[in-house]
Each structure stands twice: as structure tokens, then as C-alpha cells.
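Shown below: entry25.cif, with mmCIF, C-alpha atoms and all ligand atoms.
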data_target
loop_
_atom_site.label_atom_id
_atom_site.label_comp_id
_atom_site.auth_asym_id
_atom_site.auth_seq_id
_atom_site.Cartn_x
_atom_site.Cartn_y
_atom_site.Cartn_z
CA MET A 212 58.94 14.35 10.49
CA SER A 213 61.46 15.41 7.89
CA ARG A 214 61.01 18.02 5.24
CA PHE A 215 60.48 15.23 2.70
CA GLN A 216 58.01 13.19 4.71
CA ARG A 217 55.63 16.04 5.23
CA PRO A 218 54.36 16.42 1.64
CA ILE A 219 53.91 12.66 1.40
CA MET A 220 51.83 12.57 4.59
CA LEU A 221 49.78 15.44 3.28
CA ALA A 222 49.16 13.66 -0.01
CA ILE A 223 48.07 10.52 1.84
CA LEU A 224 45.67 12.52 4.00
CA VAL A 225 44.15 14.27 0.97
CA LEU A 226 43.72 11.01 -0.95
CA THR A 227 42.13 9.31 2.06
CA GLY A 228 39.77 12.26 2.37
CA ILE A 229 38.77 12.01 -1.28
CA ALA A 230 38.21 8.26 -1.01
CA LEU A 231 36.03 8.65 2.11
CA SER A 232 33.88 11.36 0.58
CA GLU A 233 33.43 9.26 -2.59
CA ILE A 234 32.15 6.40 -0.47
CA ALA A 235 29.87 8.73 1.50
CA PHE A 236 28.48 10.19 -1.70
CA SER A 237 27.77 6.86 -3.32
CA VAL A 238 26.12 5.52 -0.17
CA TRP A 239 24.02 8.64 -0.06
CA SER A 240 23.03 8.32 -3.70
CA GLY A 241 22.38 4.61 -3.29
CA ARG A 242 24.74 3.58 -6.04
CA ALA A 243 27.46 1.92 -4.09
CA LEU A 244 27.82 -1.40 -2.47
CA THR A 245 25.75 -3.02 -5.15
CA ASN A 246 28.01 -4.67 -7.66
CA PHE A 247 24.88 -5.88 -9.35
CA PRO A 248 25.84 -6.09 -13.02
CA ARG A 249 22.34 -5.91 -14.53
CA HIS A 250 20.52 -2.73 -15.39
CA LEU A 251 17.00 -2.85 -13.94
CA VAL A 252 13.88 -0.74 -14.23
CA MET A 253 11.27 -0.27 -11.53
CA PRO A 254 9.08 -3.36 -11.77
CA VAL A 255 5.91 -1.36 -11.07
CA ARG A 256 4.94 1.23 -13.61
CA GLY A 257 4.99 4.75 -12.21
CA ALA A 258 6.52 3.65 -8.90
CA SER A 259 9.40 5.48 -7.35
CA ILE A 260 11.60 4.86 -4.38
CA SER A 261 9.00 6.63 -2.22
CA ASN A 262 6.57 3.77 -2.89
CA MET A 263 9.10 1.34 -1.56
CA ARG A 264 10.32 0.18 1.80
CA ASP A 265 13.58 -1.55 2.55
CA THR A 266 12.21 -4.50 4.46
CA PHE A 267 14.75 -7.08 3.35
CA ASP A 268 15.85 -7.93 6.88
CA GLU A 269 12.42 -7.73 8.51
CA THR A 270 11.05 -10.84 10.12
CA ARG A 271 7.84 -12.31 8.75
CA GLY A 272 6.00 -14.97 10.71
CA THR A 273 8.05 -16.64 13.42
CA ASN A 274 11.53 -17.03 12.00
CA ARG A 275 11.24 -16.23 8.33
CA LYS A 276 13.00 -13.24 6.82
CA HIS A 277 11.27 -11.09 4.24
CA GLU A 278 14.26 -11.06 1.82
CA ALA A 279 12.50 -8.88 -0.74
CA THR A 280 11.22 -5.38 -1.36
CA ASP A 281 7.56 -4.37 -1.29
CA ILE A 282 6.38 -1.77 -3.78
CA LEU A 283 3.02 -0.29 -2.88
CA ALA A 284 0.68 0.52 -5.77
CA PRO A 285 -3.05 0.52 -6.51
CA ARG A 286 -4.52 -2.81 -7.54
CA GLY A 287 -4.27 -3.31 -11.28
CA THR A 288 -1.13 -1.18 -11.76
CA PRO A 289 1.02 -2.79 -14.47
CA VAL A 290 3.95 -4.90 -13.25
CA VAL A 291 6.79 -4.75 -15.78
CA ALA A 292 9.80 -6.97 -16.32
CA ALA A 293 12.68 -5.44 -14.36
CA ASP A 294 15.19 -6.91 -16.82
CA ASP A 295 15.35 -8.76 -20.13
CA GLY A 296 15.05 -12.51 -19.88
CA VAL A 297 12.63 -15.37 -19.86
CA ILE A 298 9.54 -16.18 -17.81
CA LYS A 299 10.69 -19.36 -16.15
CA LYS A 300 7.77 -20.30 -13.95
CA LEU A 301 4.22 -19.18 -13.24
CA PHE A 302 3.50 -20.41 -9.77
CA LEU A 303 0.66 -20.26 -7.27
CA SER A 304 1.80 -20.44 -3.65
CA LYS A 305 0.07 -19.89 -0.34
CA PRO A 306 2.28 -17.00 0.84
CA GLY A 307 3.08 -15.49 -2.55
CA GLY A 308 -0.28 -15.98 -4.22
CA LEU A 309 0.01 -15.59 -7.98
CA THR A 310 3.74 -15.34 -8.76
CA ILE A 311 6.25 -15.11 -11.61
CA TYR A 312 9.85 -16.31 -11.63
CA GLN A 313 11.91 -14.66 -14.36
CA PHE A 314 15.53 -15.45 -15.26
CA ASP A 315 17.88 -12.82 -16.62
CA PRO A 316 19.48 -13.62 -20.02
CA THR A 317 22.71 -14.83 -18.39
CA GLU A 318 20.76 -17.13 -16.04
CA GLN A 319 22.67 -15.82 -13.07
CA TYR A 320 19.67 -14.21 -11.42
CA ALA A 321 16.01 -14.95 -10.86
CA TYR A 322 13.48 -12.17 -10.32
CA TYR A 323 10.47 -13.02 -8.21
CA TYR A 324 7.18 -11.12 -8.52
CA ALA A 325 4.46 -12.00 -6.00
CA HIS A 326 0.91 -11.13 -4.82
CA LEU A 327 -0.07 -10.54 -8.47
CA ASP A 328 -3.69 -9.83 -9.29
CA ARG A 329 -3.37 -11.52 -12.69
CA TYR A 330 -0.87 -12.24 -15.44
CA ALA A 331 -0.68 -10.09 -18.54
CA GLU A 332 -1.97 -11.57 -21.77
CA GLY A 333 0.60 -13.67 -23.62
CA ILE A 334 2.68 -14.38 -20.52
CA HIS A 335 3.52 -18.09 -20.31
CA GLU A 336 6.40 -20.20 -19.09
CA GLY A 337 9.11 -19.74 -21.70
CA THR A 338 7.95 -16.31 -22.88
CA LYS A 339 10.91 -14.03 -23.65
CA VAL A 340 10.50 -10.56 -22.20
CA HIS A 341 12.26 -7.24 -22.45
CA ARG A 342 12.89 -4.76 -19.70
CA GLY A 343 9.67 -2.77 -19.24
CA ASP A 344 7.28 -5.30 -20.83
CA VAL A 345 4.01 -5.61 -18.91
CA ILE A 346 3.97 -9.10 -17.40
CA ALA A 347 1.24 -8.83 -14.73
CA TYR A 348 -0.82 -6.51 -12.53
CA VAL A 349 -0.42 -5.53 -8.88
CA GLY A 350 -2.71 -7.33 -6.45
CA SER A 351 -2.90 -8.83 -3.01
CA THR A 352 -3.08 -12.58 -3.65
CA GLY A 353 -1.44 -14.93 -1.13
CA ASN A 354 -0.83 -13.57 2.34
CA ALA A 355 -0.87 -9.86 1.38
CA SER A 356 -3.45 -7.65 3.06
CA PRO A 357 -6.37 -6.90 0.70
CA ASN A 358 -6.16 -3.28 1.90
CA GLU A 359 -2.55 -2.92 0.84
CA PRO A 360 -1.99 -4.23 -2.67
CA HIS A 361 1.70 -4.31 -3.51
CA LEU A 362 4.34 -6.06 -5.54
CA HIS A 363 6.64 -8.25 -3.50
CA PHE A 364 9.85 -8.20 -5.55
CA GLY A 365 12.79 -10.49 -4.89
CA ILE A 366 16.13 -11.14 -6.56
CA PHE A 367 17.96 -14.47 -6.20
CA VAL A 368 21.40 -15.51 -7.26
CA LEU A 369 20.78 -18.82 -8.99
CA GLY A 370 22.77 -21.91 -8.10
CA PRO A 371 24.70 -23.99 -10.64
CA GLU A 372 21.61 -26.08 -11.37
CA LYS A 373 19.56 -23.00 -12.33
CA ARG A 374 16.48 -24.09 -10.39
CA TRP A 375 13.82 -21.40 -10.18
CA TRP A 376 12.93 -22.42 -6.63
CA GLU A 377 16.52 -22.37 -5.34
CA GLY A 378 18.75 -19.36 -4.93
CA THR A 379 20.42 -16.94 -2.58
CA PRO A 380 18.35 -13.80 -1.99
CA ILE A 381 20.00 -10.41 -2.37
CA ASN A 382 18.49 -7.08 -1.38
CA PRO A 383 16.64 -5.46 -4.31
CA TYR A 384 16.24 -2.12 -2.53
CA PRO A 385 19.66 -0.53 -3.22
CA ILE A 386 19.64 -2.03 -6.70
CA LEU A 387 16.26 -0.48 -7.50
CA MET A 388 17.35 2.75 -5.88
CA SER A 389 20.16 2.98 -8.39
CA SER A 390 17.66 2.23 -11.17
CA GLU A 391 15.48 5.10 -10.08
CA ASN A 392 16.37 7.23 -13.10
CA VAL A 393 15.83 4.47 -15.61
CA LYS A 394 12.04 4.68 -15.54
CA LEU A 395 10.38 3.80 -18.82
ZN ZN A 401 6.80 -8.67 0.66
#

Encoded form using C-alpha cells:
Amino acid sequence: MSRFQRPIMLAILVLTGIALSEIAFSVWSGRALTNFPRHLVMPVRGASISNMRDTFDETRGTNRKHEATDILAPRGTPVVAADDGVIKKLFLSKPGGLTIYQFDPTEQYAYYYAHLDRYAEGIHEGTKVHRGDVIAYVGSTGNASPNEPHLHFGIFVLGPEKRWWEGTPINPYPILMSSENVKL
């Protein structure tokens, strides 16, 4: 290595080191690897990351993936809109029980809230909501255990047709983790 190459090699090593530690730090702090452009709040009032489990990849039933995050909370705890947007669909399903599908204002994403005990007053299909508005209450409707009320929270990337029942699930856990300090 020549006298001139050495400082260049050193600079490359230092820069690589900085880049690696940046990545390590953001993974540690849960901020990285989510390019999610929306700014969310915890959808359960008073909940923190410690009430949550990253169960996105867990299997449920025979060959179904969970594809959501569960937030444990006492029955009746307010469920708040994670983002601005519109209540697209109030839906009763066997697995999800009482559910809400909300679209974000850009209609790129759908937020799915399930196992609700009941809807909040004034919540209808078409209702516009703001981040932090109470939209429902935690429960155990559908296939949730009555002994473990929780909010099942999902995020879907909507397709071009913007159908509330069709989308590609993405993991809410790292996204909510990065929203941890945005509690209302
Ligand atoms: Zn769940």
C-alpha cells in the first residue's frame, strides 16, 4: 500500500464503521427499517411497547399468519385512531369480532382494529377521525380469549382499487415502536 492509499483506506474504514453503528443504533431504537411515512400514535390509550408483542409472523390456526400486533389492555380501555383518516367499514367477523377498518387520508393504508368491545359514540362508516380520537373500546369479541382482552391492530397497504378487505399486511410493531414517544 502506498503512502497515498493508506489515508484513503483509513477514511473508508472509518466511514464504514460510522454507517454500521448508525444502523445498529436505529435497529436498537426501533426507528429503522420502517419507511412508513405516516406518523402514528398508540391505538390503545395508555399502552406502551411493554403491552405489546411482536407476533406478526406467528401462526394462528393451521396455516394462517397473524400479520398484526396485539396490544393487551383491560376491557373497556379506549381505542384511539392511530392516524387521521376516515372510518371506512364497521364489520362483524367470526375471527375479528367487532372490527373497524380505517383509511389514512392518502388512502394508501388501511388500519384494522379488532376484538372491540363496542364502538365509540358517533363512529359510523364515513366518519372523519383525527389521530387520538376515541373510536372504540378494548374487548375480546371474535376468537379472542375472554380472559385476555386486547386490541388486534393491523396495517395494510391498499391496492389500486382501495378495497377495505384487500391489502398487503405490513408489521405494525416496529412502526408503533417508533411512535412510542408520540403518546397523546
Ligand atoms: Zn391478534

Taking all atoms listed in the file into account, report as a CSV table (one decimal) with C-alpha atoms, keeping the file's coordinate frame which residues have an atom no farther than 8 Å from an atom of ligand ZN 401 (chain A).
chain,number,residue,atom,x,y,z
A,266,THR,CA,12.2,-4.5,4.5
A,277,HIS,CA,11.3,-11.1,4.2
A,278,GLU,CA,14.3,-11.1,1.8
A,279,ALA,CA,12.5,-8.9,-0.7
A,280,THR,CA,11.2,-5.4,-1.4
A,281,ASP,CA,7.6,-4.4,-1.3
A,325,ALA,CA,4.5,-12.0,-6.0
A,355,ALA,CA,-0.9,-9.9,1.4
A,361,HIS,CA,1.7,-4.3,-3.5
A,362,LEU,CA,4.3,-6.1,-5.5
A,363,HIS,CA,6.6,-8.2,-3.5
A,364,PHE,CA,9.8,-8.2,-5.6

Do you know which residues are at most 7 Å from Lys305 of chain A counting all atoms listed in the file, after dropping those on the same chain fewer than 2 positions away, and could you put them as a list in words?
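The residues that qualify are Leu303, Gly307, Gly308, Gly353 and Asn354 of chain A.
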
Dump as a short mmCIF file (atom, residue, chain, number, x, y, z; two decimals), in the frame of the given file, selection limited to C-alpha atoms:
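See out31.cif below for the written result:
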data_model
loop_
_atom_site.label_atom_id
_atom_site.label_comp_id
_atom_site.auth_asym_id
_atom_site.auth_seq_id
_atom_site.Cartn_x
_atom_site.Cartn_y
_atom_site.Cartn_z
CA LEU A 303 0.66 -20.26 -7.27
CA GLY A 307 3.08 -15.49 -2.55
CA GLY A 308 -0.28 -15.98 -4.22
CA GLY A 353 -1.44 -14.93 -1.13
CA ASN A 354 -0.83 -13.57 2.34
#

One decimal, in Å: what's the spacing between atom CA of Asn382 of chain A and atom CA of Phe267 of chain A?
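Computing the Euclidean distance for atom CA of Asn382 of chain A and atom CA of Phe267 of chain A yields 6.0 Å.
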
Write out as a list in words each polymer residue whose atoms come within 10 Å of Ile334 of chain A, counting all atoms listed in the file; drop sequence neighbours fewer than 2 positions from it.
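Residues near the query, excluding close chain neighbours: Ile298, Leu301, Ile311, Tyr330, Ala331, Glu332, Glu336, Gly337, Thr338, Lys339, Val340, Val345, Ile346 and Ala347 of chain A.
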
At a cut-off of 6 Å, using all atoms listed in the file, what residues contact Arg286 of chain A? Leave out same-chain residues fewer than 3 positions from it and give the result as a short mmCIF file (atom, residue, chain, number, x, y, z; two decimals) with C-alpha atoms, in the frame of the given file.
data_model
loop_
_atom_site.label_atom_id
_atom_site.label_comp_id
_atom_site.auth_asym_id
_atom_site.auth_seq_id
_atom_site.Cartn_x
_atom_site.Cartn_y
_atom_site.Cartn_z
CA VAL A 349 -0.42 -5.53 -8.88
CA GLY A 350 -2.71 -7.33 -6.45
CA PRO A 360 -1.99 -4.23 -2.67
#
